[in-house]
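Here's the structure, in structure tokens; my notes come after.
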Amino acid sequence: MSGNNNPVIQSIRHMTQRFDDLGQRFDDFSRRQADGEHPDPAEFIELLKKKSVTHSALSAQFGLLQKPLKTVLNETR
């Protein structure tokens with residue numbers, strides 16, 4: 001099966017992109033703060049929550065991708 005058609009791979013790509021986008025938003029928040037602005041602390045908390053949830057989802061999807069490989073490796077022993 002092609003990686004492009006695999007729903008787990010597609011989900012991992014989507015979550016990776018989302019995680020990267022959140023990283024850019026964190027960078028933007030930090031840059032604004034370093035430039036002397038006073039960004040809303042609630043924005044920072046919201047970014048932390050979203051990053052945490054995205055990281056958990058990404059880890060779960062990655063685990064789903066690994067499970068069949070681990071099964072094959074264990075069965076070939």
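Quick note on naming: the chains in the structure tokens go A, B, ... in the order shown, residues restart at 1 in each chain, and ligands are numbered from 1 in order of appearance.
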Could you find all residues in chain A that DSSP calls alpha helix (DSSP H) from the backbone, and write them as a PyMOL selection string? chain A and resi 7-34+41-75
Residues within 8 Å of region 44-61 of chain A, only C-alpha atoms, excluding chain neighbours under 6 positions, as a compact mmCIF listing (two decimals) with C-alpha atoms, in the first residue's frame:
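Dumped to selection25.txt:
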# COMPACT_ATOMS: atom_id res chain seq x y z
CA VAL A 8 -2.46 6.68 9.39
CA SER A 11 -3.07 11.67 9.75
CA ILE A 12 0.56 11.83 10.90
CA MET A 15 -0.72 16.40 12.77
CA THR A 16 2.93 17.14 11.99
CA ARG A 18 -0.41 21.33 12.71
CA PHE A 19 2.37 20.87 15.28
CA LEU A 22 1.72 25.87 16.40
CA ARG A 25 2.74 30.68 16.43
CA PHE A 26 4.84 30.17 19.59
CA PHE A 29 4.34 35.11 20.36
